[in-house]
Amino acid sequence: MSRNTESRSPSRTVTRRLAAALAAIVLGLVAAIVPAVSASASGQVVVEVVDQAGNAVVGLDVDFRHASDNTTEVIEASDASGLVTVTLPDDAYFFYVIDGSTDGTSTYGSAYGSVTVSGTDPAPLQLIVNRYVDISGQIDPWTSEMTAAGVEVQLYAYYSSGGFWSGTSFSEVTYDGSYTFPALIFDQPYTLDFEMDEENTPYLDAFLGGFDDPALATQLDGEPGVGFSGLTMSMPPAASISGTVTDINGLPIEGIWIWAEDDPDYNEYVETQTDADGEYTLYVRPGLTYVVHADDWDNDDYVPMTYDGWDGCGCEFDPVTPPASDIDFELVAADTELVIPGVVFDAASELVPDLEVRLFRHVGSAWVLDDVVVSDDGSSLGYPFNFVFYLAESAEFRIQIADSTGKILRIDEGGTSPDLSGAPTSFDPLPACYGDIGIVTDVVFAFVAVDPSTPSGACASLDAGASGGTGGSGSTPAKPRSKAGGSSSVVAPTPTPTPTATPTPSATPRPSASPTPTATPPIEVPPASGSDLWWLLWVAIGTLAIVIVGGVVYVVRRP
């Protein structure tokens with residue numbers, strides 16, 4: 001018997017009709033959306049890529065990115081005429097060439113432009129890219145010393161907007177006297193800086209035509225896209241400072257750092273280490289006066305010393321004018337037991353900094369100057385001490401105090417003590433121009449109260465009699481052999497901290513970052529974006545349509 005269609009369930013009929021209606025709605029939406037998307041407006045963009053001289057650049061990739069989110073729309077290379085032709089949907093765009101881009105034969109700096117596509121084709125555009133050009137020349141005369149050290153050549157540009165010079169490009173270190181390196185050249189002045197690869201060479205760093213001063217250097221007039229060639233440079237010769245470093249027994253010390261700074265500006269700085277014989281040589285600029293220091297930075301076994309100076313801080317020094325030899329150092333062991341830490345204070349019991357504390361040693365019938373230090377505020381040694389002497393040998397000592405003008409101050413109170421637990425032994429007589437320390441065989445603490453208002457002439461000098469003398473009749477002041485250094489511990493002082501960096505000469509301004517020429521500012525480019533979102537929408541709508549239509553068919557065909 002055939003089944004009567006009129007006997008079908010009313011609910012199934014309603015379901016069929018509802019499914020058919022949903023399918024019609026979905027297919028209508030798809031039909032409405034797809035034509036609307038495919039009809040989105042676009043325009044053809046033409047960009048001409050040329051170099052600084054106006055020549056077409058072939059085969060250079062140009063990246064077109066949406067201005068709103070910096071995602072890439074398309075990357076296209078310039079054709080045989082230097083043209084890039086692309087069709088872009090309506091939107092605002094940036095187009096880029098990134099620094100270091102290449103057409104296969106030349107390298108270019110960064111460049112960018114912008115365009116807005118809005119229903120019509122924009123007018124043709126031009127993108128000027130700056131071609132790297134060669135800087136080349138010769139260092140003459142080339143010597144074996146230069147071959148061992150090597151020379152780096154750096155191009156400096158002058159930025160008139162800021163009024164400063166800045167390094168822009170570097171060469172590789174040259175070991176044969178010739179140099180070639182690429183650089184971007186614009187319409188501005190340039191000069192070249194030649195720097196030795198090592199400090200310890202008989203030649204000096206210099207600018208082309210001038211000594212470390214771009215104002216004196218030969219300025220090269222930059223022409224966009226044109227390099228410099230055939231430039232010859234003669235490295236200027238250095239002067240030398242040399243000597244030997246020994247301990248107090250005359251034995252050479254290897255590995256002691258020696259460094260020199262010019263006075264008073266400290267623009268010139270050079271350093272080296274002593275060899276196995278304790279010898280060193282510094283190559284410095286002639287015509288300047290230098291401070292020379294010795295310090296055992298690596299091991300801290302010896303107290304630092306400034307040449308014929310006072311202490312490791314280099315507060316005073318005998319000027320060294322190169323060429324100079326026999327600039328010798330006799331270093332005292334840092335763990336010596338012969339130490340005189342002390343404190344100098346005023347009538348109000350306040351520590352007095354910046355006073356000369358002079359140590360005299362009894363030699364024969366005379367008192368000779370052995371060492372001089374400068375008192376501080378107590379911060380380096382730890383309160384209450386504000387000066388210390390490290391002795392090379394046991395002897396009889398006395399101290400004298402002077403202000404910054406050299407006037408000897410009167411000692412009103414004071415004494416010494418082998419430790420800090422008991423009362424000190426007072427100086428006698430008092431007041432006096434000096435204080436007797438006595439024979440030092442261990443640590444001796446000194447306490448000195450001075451009168452800064454000492455009448456003029458009251459302590460103008462020491463004679464060779466009871467008050468002692470700086471040399472005595474017929475005697476010669478001894479060269480200081482012990483040097484003091486700041487410390488937070490009196491018994492085991494820490495030498496002066498090692499400088500962490502070589503100072504850059506102030507005559508050669510070196511900003512932390514070289515300004516980028518305004519003609520081609522660098523652009524930060526993030527990674528390219530993923531697939532177009534419209535395709536994802538179409539896939540989603542199509543999938544939904546298939547599911548719904550399949551559901552309708554399933555419902556209709558069910559028994």
# chains A, B, ... in the order shown; residues from 1 in each chain; ligands from 1

$ residues_around --residues "range 115-122 of chain A" --least-positions-apart "2" --cutoff "12 Å" --atoms "only C-alpha atoms" --output "CSV table (one decimal) with all heavy atoms, in the first residue's frame"
chain,number,residue,atom,x,y,z
A,39,ALA,N,33.7,44.2,-5.4
A,39,ALA,CA,33.6,45.5,-6.0
A,39,ALA,C,34.3,46.6,-5.3
A,39,ALA,O,34.2,47.8,-5.6
A,39,ALA,CB,32.1,45.9,-6.1
A,40,SER,N,35.2,46.2,-4.2
A,40,SER,CA,36.0,47.2,-3.5
A,40,SER,C,36.9,48.0,-4.4
A,40,SER,O,37.5,47.5,-5.3
A,40,SER,CB,36.8,46.5,-2.4
A,40,SER,OG,37.7,47.4,-1.7
A,41,ALA,N,36.9,49.3,-4.1
A,41,ALA,CA,37.7,50.3,-5.0
A,41,ALA,C,39.2,50.1,-4.8
A,41,ALA,O,39.6,49.7,-3.8
A,41,ALA,CB,37.3,51.7,-4.7
A,42,SER,N,40.0,50.3,-5.9
A,42,SER,CA,41.4,50.2,-5.9
A,42,SER,C,42.0,51.2,-6.9
A,42,SER,O,41.3,51.8,-7.7
A,42,SER,CB,41.9,48.8,-6.2
A,42,SER,OG,41.4,48.5,-7.5
A,43,GLY,N,43.3,51.4,-6.8
A,43,GLY,CA,44.0,52.3,-7.8
A,43,GLY,C,45.4,51.8,-8.1
A,43,GLY,O,46.0,51.0,-7.3
A,44,GLN,N,45.9,52.2,-9.2
A,44,GLN,CA,47.2,51.8,-9.7
A,44,GLN,C,48.2,52.8,-9.2
A,44,GLN,O,48.1,54.0,-9.5
A,44,GLN,CB,47.3,51.6,-11.2
A,44,GLN,CG,48.6,51.1,-11.7
A,44,GLN,CD,48.6,50.9,-13.2
A,44,GLN,OE1,48.7,51.9,-13.9
A,44,GLN,NE2,48.5,49.6,-13.7
A,45,VAL,N,49.3,52.4,-8.5
A,45,VAL,CA,50.3,53.3,-8.0
A,45,VAL,C,51.6,53.0,-8.8
A,45,VAL,O,52.0,51.9,-8.9
A,45,VAL,CB,50.6,53.0,-6.5
A,45,VAL,CG1,51.7,53.9,-6.0
A,45,VAL,CG2,49.3,53.3,-5.7
A,46,VAL,N,52.2,54.1,-9.3
A,46,VAL,CA,53.5,54.0,-10.0
A,46,VAL,C,54.5,54.8,-9.2
A,46,VAL,O,54.3,56.0,-8.9
A,46,VAL,CB,53.3,54.5,-11.4
A,46,VAL,CG1,54.7,54.5,-12.2
A,46,VAL,CG2,52.3,53.8,-12.2
A,47,VAL,N,55.7,54.2,-8.9
A,47,VAL,CA,56.8,54.8,-8.2
A,47,VAL,C,58.0,54.7,-9.0
A,47,VAL,O,58.4,53.5,-9.4
A,47,VAL,CB,57.0,54.2,-6.8
A,47,VAL,CG1,58.2,54.9,-6.1
A,47,VAL,CG2,55.7,54.4,-5.9
A,64,PHE,N,55.3,48.1,0.2
A,64,PHE,CA,54.1,48.9,0.4
A,64,PHE,C,53.3,48.4,1.6
A,64,PHE,O,52.9,47.2,1.7
A,64,PHE,CB,53.2,48.9,-0.8
A,64,PHE,CG,53.7,49.5,-2.0
A,64,PHE,CD1,54.6,48.8,-2.9
A,64,PHE,CD2,53.5,50.8,-2.4
A,64,PHE,CE1,55.2,49.4,-4.0
A,64,PHE,CE2,54.0,51.4,-3.5
A,64,PHE,CZ,54.9,50.7,-4.3
A,65,ARG,N,53.1,49.3,2.6
A,65,ARG,CA,52.5,48.9,3.9
A,65,ARG,C,51.4,49.8,4.2
A,65,ARG,O,51.4,51.0,3.9
A,65,ARG,CB,53.6,48.9,5.0
A,65,ARG,CG,54.7,47.9,4.8
A,65,ARG,CD,55.7,48.0,5.9
A,65,ARG,NE,56.6,46.9,5.8
A,65,ARG,CZ,56.9,46.0,6.7
A,65,ARG,NH1,56.3,46.1,7.8
A,65,ARG,NH2,57.8,45.0,6.5
A,66,HIS,N,50.3,49.3,4.9
A,66,HIS,CA,49.2,50.0,5.3
A,66,HIS,C,49.7,51.0,6.4
A,66,HIS,O,50.3,50.6,7.4
A,66,HIS,CB,48.1,49.1,5.8
A,66,HIS,CG,47.5,48.3,4.8
A,66,HIS,ND1,46.4,48.7,4.0
A,66,HIS,CD2,47.8,47.0,4.4
A,66,HIS,CE1,46.1,47.7,3.1
A,66,HIS,NE2,46.9,46.7,3.3
A,67,ALA,N,49.3,52.3,6.3
A,67,ALA,CA,49.7,53.3,7.3
A,67,ALA,C,49.1,53.0,8.6
A,67,ALA,O,49.6,53.4,9.6
A,67,ALA,CB,49.4,54.7,6.8
A,68,SER,N,47.9,52.4,8.6
A,68,SER,CA,47.1,52.2,9.9
A,68,SER,C,47.8,51.2,10.8
A,68,SER,O,47.8,51.4,12.0
A,68,SER,CB,45.7,51.8,9.6
A,68,SER,OG,45.7,50.6,8.8
A,85,THR,N,55.2,49.3,-10.3
A,85,THR,CA,53.7,49.5,-10.6
A,85,THR,C,52.9,48.5,-9.9
A,85,THR,O,53.2,47.2,-10.1
A,85,THR,CB,53.5,49.4,-12.1
A,85,THR,OG1,54.3,50.3,-12.8
A,85,THR,CG2,52.0,49.7,-12.4
A,86,VAL,N,52.0,48.9,-9.0
A,86,VAL,CA,51.2,48.0,-8.2
A,86,VAL,C,49.8,48.5,-8.2
A,86,VAL,O,49.5,49.7,-8.3
A,86,VAL,CB,51.8,47.9,-6.8
A,86,VAL,CG1,53.1,47.2,-6.7
A,86,VAL,CG2,51.8,49.2,-6.1
A,87,THR,N,48.8,47.6,-8.0
A,87,THR,CA,47.4,48.0,-7.8
A,87,THR,C,47.1,47.7,-6.3
A,87,THR,O,47.3,46.6,-5.8
A,87,THR,CB,46.5,47.2,-8.7
A,87,THR,OG1,46.9,47.5,-10.1
A,87,THR,CG2,45.1,47.5,-8.4
A,88,LEU,N,46.6,48.8,-5.6
A,88,LEU,CA,46.3,48.7,-4.2
A,88,LEU,C,44.9,49.0,-3.9
A,88,LEU,O,44.3,50.0,-4.5
A,88,LEU,CB,47.2,49.7,-3.5
A,88,LEU,CG,48.8,49.5,-3.7
A,88,LEU,CD1,49.5,50.7,-3.0
A,88,LEU,CD2,49.2,48.2,-3.1
A,89,PRO,N,44.2,48.3,-2.9
A,89,PRO,CA,42.9,48.7,-2.5
A,89,PRO,C,43.0,50.1,-1.8
A,89,PRO,O,44.0,50.5,-1.4
A,89,PRO,CB,42.6,47.6,-1.4
A,89,PRO,CG,43.5,46.5,-1.7
A,89,PRO,CD,44.7,47.1,-2.3
A,90,ASP,N,41.8,50.8,-1.9
A,90,ASP,CA,41.8,52.1,-1.3
A,90,ASP,C,42.3,52.1,0.2
A,90,ASP,O,41.8,51.3,1.0
A,90,ASP,CB,40.3,52.6,-1.3
A,90,ASP,CG,39.9,53.1,-2.7
A,90,ASP,OD1,40.7,53.0,-3.6
A,90,ASP,OD2,38.8,53.6,-2.8
A,91,ASP,N,43.2,52.9,0.5
A,91,ASP,CA,43.8,53.0,1.8
A,91,ASP,C,45.0,54.0,1.8
A,91,ASP,O,45.4,54.4,0.7
A,91,ASP,CB,44.2,51.7,2.4
A,91,ASP,CG,44.3,51.6,3.9
A,91,ASP,OD1,44.1,52.7,4.5
A,91,ASP,OD2,44.6,50.6,4.4
A,92,ALA,N,45.5,54.3,2.9
A,92,ALA,CA,46.7,55.1,3.0
A,92,ALA,C,47.9,54.2,3.2
A,92,ALA,O,47.9,53.3,4.0
A,92,ALA,CB,46.6,56.1,4.2
A,93,TYR,N,49.0,54.5,2.5
A,93,TYR,CA,50.2,53.6,2.5
A,93,TYR,C,51.5,54.3,2.7
A,93,TYR,O,51.6,55.5,2.3
A,93,TYR,CB,50.3,52.8,1.2
A,93,TYR,CG,49.1,51.9,0.9
A,93,TYR,CD1,48.0,52.4,0.2
A,93,TYR,CD2,49.1,50.6,1.3
A,93,TYR,CE1,46.9,51.6,-0.1
A,93,TYR,CE2,48.0,49.7,1.0
A,93,TYR,CZ,46.9,50.2,0.3
A,93,TYR,OH,45.8,49.4,0.1
A,94,PHE,N,52.5,53.6,3.3
A,94,PHE,CA,53.9,54.0,3.2
A,94,PHE,C,54.6,53.0,2.3
A,94,PHE,O,54.2,51.8,2.3
A,94,PHE,CB,54.5,54.0,4.6
A,94,PHE,CG,54.0,55.0,5.5
A,94,PHE,CD1,53.3,54.7,6.7
A,94,PHE,CD2,54.3,56.4,5.3
A,94,PHE,CE1,52.9,55.7,7.5
A,94,PHE,CE2,53.9,57.4,6.1
A,94,PHE,CZ,53.2,57.0,7.3
A,95,PHE,N,55.6,53.5,1.6
A,95,PHE,CA,56.4,52.5,0.8
A,95,PHE,C,57.9,52.8,1.2
A,95,PHE,O,58.3,53.9,1.3
A,95,PHE,CB,56.2,52.6,-0.7
A,95,PHE,CG,56.2,54.0,-1.3
A,95,PHE,CD1,57.3,54.6,-1.8
A,95,PHE,CD2,55.0,54.8,-1.3
A,95,PHE,CE1,57.3,55.8,-2.4
A,95,PHE,CE2,55.0,56.1,-1.8
A,95,PHE,CZ,56.2,56.6,-2.4
A,96,TYR,N,58.6,51.7,1.3
A,96,TYR,CA,59.9,51.7,2.0
A,96,TYR,C,61.0,51.0,1.1
A,96,TYR,O,60.7,50.1,0.4
A,96,TYR,CB,59.9,50.9,3.3
A,96,TYR,CG,58.9,51.4,4.3
A,96,TYR,CD1,57.6,50.9,4.4
A,96,TYR,CD2,59.3,52.3,5.3
A,96,TYR,CE1,56.7,51.3,5.3
A,96,TYR,CE2,58.5,52.7,6.3
A,96,TYR,CZ,57.2,52.2,6.3
A,96,TYR,OH,56.3,52.6,7.3
A,112,TYR,N,61.8,56.4,2.2
A,112,TYR,CA,60.4,56.1,2.2
A,112,TYR,C,59.6,57.2,1.6
A,112,TYR,O,60.0,58.4,1.5
A,112,TYR,CB,60.0,55.8,3.7
A,112,TYR,CG,59.8,57.1,4.5
A,112,TYR,CD1,58.5,57.6,4.8
A,112,TYR,CD2,60.9,57.7,5.0
A,112,TYR,CE1,58.4,58.7,5.6
A,112,TYR,CE2,60.8,58.9,5.8
A,112,TYR,CZ,59.5,59.4,6.1
A,112,TYR,OH,59.4,60.5,6.8
A,113,GLY,N,58.3,56.9,1.3
A,113,GLY,CA,57.4,57.9,0.8
A,113,GLY,C,56.0,57.4,1.3
A,113,GLY,O,55.8,56.4,2.0
A,124,PRO,N,52.0,59.7,-10.6
A,124,PRO,CA,53.3,59.0,-10.4
A,124,PRO,C,54.1,59.6,-9.3
A,124,PRO,O,54.2,60.9,-9.2
A,124,PRO,CB,53.9,59.1,-11.8
A,124,PRO,CG,52.8,59.3,-12.7
A,124,PRO,CD,51.7,60.1,-11.9
A,125,LEU,N,54.9,58.8,-8.6
A,125,LEU,CA,55.7,59.3,-7.5
A,125,LEU,C,57.1,58.9,-7.7
A,125,LEU,O,57.5,58.1,-8.6
A,125,LEU,CB,55.2,58.6,-6.2
A,125,LEU,CG,53.7,58.8,-5.8
A,125,LEU,CD1,53.3,57.9,-4.7
A,125,LEU,CD2,53.5,60.3,-5.3
A,126,GLN,N,58.0,59.6,-6.9
A,126,GLN,CA,59.5,59.3,-7.1
A,126,GLN,C,60.0,59.0,-5.7
A,126,GLN,O,59.7,59.6,-4.7
A,126,GLN,CB,60.2,60.5,-7.7
A,126,GLN,CG,61.6,60.2,-8.0
A,126,GLN,CD,62.3,61.4,-8.7
A,126,GLN,OE1,62.6,62.4,-8.0
A,126,GLN,NE2,62.6,61.3,-10.0
A,127,LEU,N,60.9,58.0,-5.7
A,127,LEU,CA,61.6,57.6,-4.4
A,127,LEU,C,63.1,57.7,-4.7
A,127,LEU,O,63.6,56.9,-5.5
A,127,LEU,CB,61.2,56.1,-4.0
A,127,LEU,CG,61.8,55.6,-2.7
A,127,LEU,CD1,61.3,56.4,-1.6
A,127,LEU,CD2,61.5,54.1,-2.6

$ closest_residue --among "A:Ala238, A:Val352, A:Val284, A:Met196" --to "Asn386 in chain A" --atoms "only C-alpha atoms"
A:Val352

$ closest_residue --among "A:Pro304, A:Gly222, A:Gly104, A:Pro452" --to "Pro353 in chain A" --atoms "only C-alpha atoms"
A:Pro452

$ select_by_dssp --residues "range 244-393 of chain A" --states "strand (DSSP E or B)" --output "VMD selection string"
chain A and resid 244 to 247 252 257 to 263 269 to 273 279 to 284 289 to 295 302 305 to 306 311 320 324 329 to 331 333 339 to 345 351 356 to 363 366 to 374 387 to 390

$ atom_distance --atom1 "CA of Gly414 in chain A" --atom2 "CA of Glu337 in chain A"
22.6 Å

$ residues_around --residues "Glu254 in chain A" --least-positions-apart "3" --cutoff "7 Å" --atoms "only C-alpha atoms" --output "list of chain:residue names"
A:Thr274, A:Asp275, A:Ala276, A:Asp277, A:Gly278

$ atom_distance --atom1 "CA of Leu338 in chain A" --atom2 "CA of Ala395 in chain A"
9.7 Å

$ atom_distance --atom1 "CA of Phe345 in chain A" --atom2 "CA of His293 in chain A"
29.5 Å

$ residues_around --residues "range 419-424 of chain A" --least-positions-apart "6" --cutoff "8 Å" --atoms "only C-alpha atoms" --output "PyMOL selection string"
chain A and resi 443-445

$ residues_around --residues "Val57 in chain A" --least-positions-apart "2" --cutoff "6 Å" --atoms "only C-alpha atoms" --output "number ranges by chain"
A: 49-50, 82

$ closest_residue --among "A:Tyr108, A:Phe385, A:Phe164, A:Phe397" --to "Ala215 in chain A" --atoms "only C-alpha atoms"
A:Phe164

$ closest_residue --among "A:Val343, A:Ile411, A:Val291, A:Ile241" --to "Asp436 in chain A" --atoms "only C-alpha atoms"
A:Ile411

$ residues_around --residues "Glu350 in chain A" --least-positions-apart "4" --cutoff "12 Å" --atoms "only C-alpha atoms" --output "number ranges by chain"
A: 343-346, 376-378, 383-386, 448-451

$ closest_residue --among "A:Asp247, A:Asp370, A:Glu396, A:Glu279" --to "Thr336 in chain A" --atoms "only C-alpha atoms"
A:Asp247

$ select_by_dssp --residues "range 132-376 of chain A" --states "alpha helix (DSSP H)" --output "list in words"
Ser144, Glu145, Met146, Thr147, Ala148 and Ala149 of chain A

$ write_last_selection --atoms "N, CA and C atoms" --output "PDB file, in the first residue's frame"
ATOM      1  N   SER A 144     106.624  49.349   9.968  1.00  0.00           N
ATOM      2  CA  SER A 144     106.440  48.052  10.629  1.00  0.00           C
ATOM      3  C   SER A 144     105.662  48.207  11.918  1.00  0.00           C
ATOM      4  N   GLU A 145     105.843  49.341  12.627  1.00  0.00           N
ATOM      5  CA  GLU A 145     105.094  49.567  13.870  1.00  0.00           C
ATOM      6  C   GLU A 145     103.598  49.679  13.576  1.00  0.00           C
ATOM      7  N   MET A 146     103.246  50.343  12.486  1.00  0.00           N
ATOM      8  CA  MET A 146     101.837  50.456  12.125  1.00  0.00           C
ATOM      9  C   MET A 146     101.279  49.105  11.714  1.00  0.00           C
ATOM     10  N   THR A 147     102.089  48.312  11.016  1.00  0.00           N
ATOM     11  CA  THR A 147     101.640  46.989  10.603  1.00  0.00           C
ATOM     12  C   THR A 147     101.270  46.136  11.809  1.00  0.00           C
ATOM     13  N   ALA A 148     102.060  46.253  12.876  1.00  0.00           N
ATOM     14  CA  ALA A 148     101.788  45.469  14.084  1.00  0.00           C
ATOM     15  C   ALA A 148     100.541  45.963  14.791  1.00  0.00           C
ATOM     16  N   ALA A 149     100.290  47.267  14.729  1.00  0.00           N
ATOM     17  CA  ALA A 149      99.179  47.827  15.488  1.00  0.00           C
ATOM     18  C   ALA A 149      97.890  47.865  14.689  1.00  0.00           C
TER      19      ALA A 149
END

$ decode --residues "range 168-190 of chain A" --atoms "N, CA and C atoms" --output "mmCIF file, in the first residue's frame"
data_model
loop_
_atom_site.group_PDB
_atom_site.id
_atom_site.type_symbol
_atom_site.label_atom_id
_atom_site.label_comp_id
_atom_site.auth_asym_id
_atom_site.auth_seq_id
_atom_site.Cartn_x
_atom_site.Cartn_y
_atom_site.Cartn_z
ATOM 1 N N THR A 168 80.258 58.549 11.153
ATOM 2 C CA THR A 168 79.174 57.942 10.388
ATOM 3 C C THR A 168 79.506 56.546 9.878
ATOM 4 N N SER A 169 80.748 56.327 9.418
ATOM 5 C CA SER A 169 81.125 55.035 8.852
ATOM 6 C C SER A 169 82.543 54.689 9.268
ATOM 7 N N PHE A 170 82.811 53.380 9.353
ATOM 8 C CA PHE A 170 84.121 52.891 9.790
ATOM 9 C C PHE A 170 84.702 51.965 8.728
ATOM 10 N N SER A 171 86.031 51.945 8.666
ATOM 11 C CA SER A 171 86.708 50.957 7.847
ATOM 12 C C SER A 171 87.036 49.742 8.699
ATOM 13 N N GLU A 172 87.383 48.653 8.044
ATOM 14 C CA GLU A 172 88.030 47.560 8.748
ATOM 15 C C GLU A 172 89.440 48.021 9.121
ATOM 16 N N VAL A 173 90.009 47.405 10.156
ATOM 17 C CA VAL A 173 91.379 47.751 10.524
ATOM 18 C C VAL A 173 92.309 47.370 9.375
ATOM 19 N N THR A 174 93.136 48.319 8.958
ATOM 20 C CA THR A 174 94.050 48.065 7.849
ATOM 21 C C THR A 174 95.436 47.730 8.377
ATOM 22 N N TYR A 175 96.047 46.714 7.782
ATOM 23 C CA TYR A 175 97.374 46.287 8.188
ATOM 24 C C TYR A 175 98.396 46.433 7.051
ATOM 25 N N ASP A 176 97.971 47.033 5.947
ATOM 26 C CA ASP A 176 98.913 47.216 4.840
ATOM 27 C C ASP A 176 98.985 48.668 4.380
ATOM 28 N N GLY A 177 98.269 49.566 5.040
ATOM 29 C CA GLY A 177 98.348 50.979 4.708
ATOM 30 C C GLY A 177 97.274 51.468 3.768
ATOM 31 N N SER A 178 96.544 50.575 3.094
ATOM 32 C CA SER A 178 95.464 50.999 2.211
ATOM 33 C C SER A 178 94.124 50.775 2.900
ATOM 34 N N TYR A 179 93.158 51.599 2.584
ATOM 35 C CA TYR A 179 91.835 51.452 3.200
ATOM 36 C C TYR A 179 90.761 51.765 2.167
ATOM 37 N N THR A 180 89.640 51.043 2.236
ATOM 38 C CA THR A 180 88.459 51.269 1.405
ATOM 39 C C THR A 180 87.244 50.841 2.214
ATOM 40 N N PHE A 181 86.237 51.699 2.272
ATOM 41 C CA PHE A 181 84.997 51.332 2.952
ATOM 42 C C PHE A 181 83.848 52.145 2.368
ATOM 43 N N PRO A 182 82.613 51.608 2.419
ATOM 44 C CA PRO A 182 81.462 52.303 1.840
ATOM 45 C C PRO A 182 80.853 53.299 2.821
ATOM 46 N N ALA A 183 80.231 54.333 2.277
ATOM 47 C CA ALA A 183 79.572 55.339 3.116
ATOM 48 C C ALA A 183 78.512 56.057 2.290
ATOM 49 N N LEU A 184 77.548 56.633 2.983
ATOM 50 C CA LEU A 184 76.564 57.508 2.348
ATOM 51 C C LEU A 184 77.084 58.947 2.401
ATOM 52 N N ILE A 185 77.105 59.625 1.280
ATOM 53 C CA ILE A 185 77.632 60.982 1.211
ATOM 54 C C ILE A 185 76.510 61.941 0.833
ATOM 55 N N PHE A 186 76.426 63.036 1.601
ATOM 56 C CA PHE A 186 75.417 64.062 1.362
ATOM 57 C C PHE A 186 76.113 65.409 1.171
ATOM 58 N N ASP A 187 75.335 66.431 0.992
ATOM 59 C CA ASP A 187 75.870 67.773 0.773
ATOM 60 C C ASP A 187 76.222 68.412 2.121
ATOM 61 N N GLN A 188 77.368 68.027 2.683
ATOM 62 C CA GLN A 188 77.822 68.547 3.965
ATOM 63 C C GLN A 188 79.313 68.276 4.102
ATOM 64 N N PRO A 189 80.006 68.933 5.049
ATOM 65 C CA PRO A 189 81.453 68.721 5.199
ATOM 66 C C PRO A 189 81.753 67.363 5.847
ATOM 67 N N TYR A 190 82.924 66.809 5.502
ATOM 68 C CA TYR A 190 83.394 65.556 6.067
ATOM 69 C C TYR A 190 84.876 65.682 6.416
#
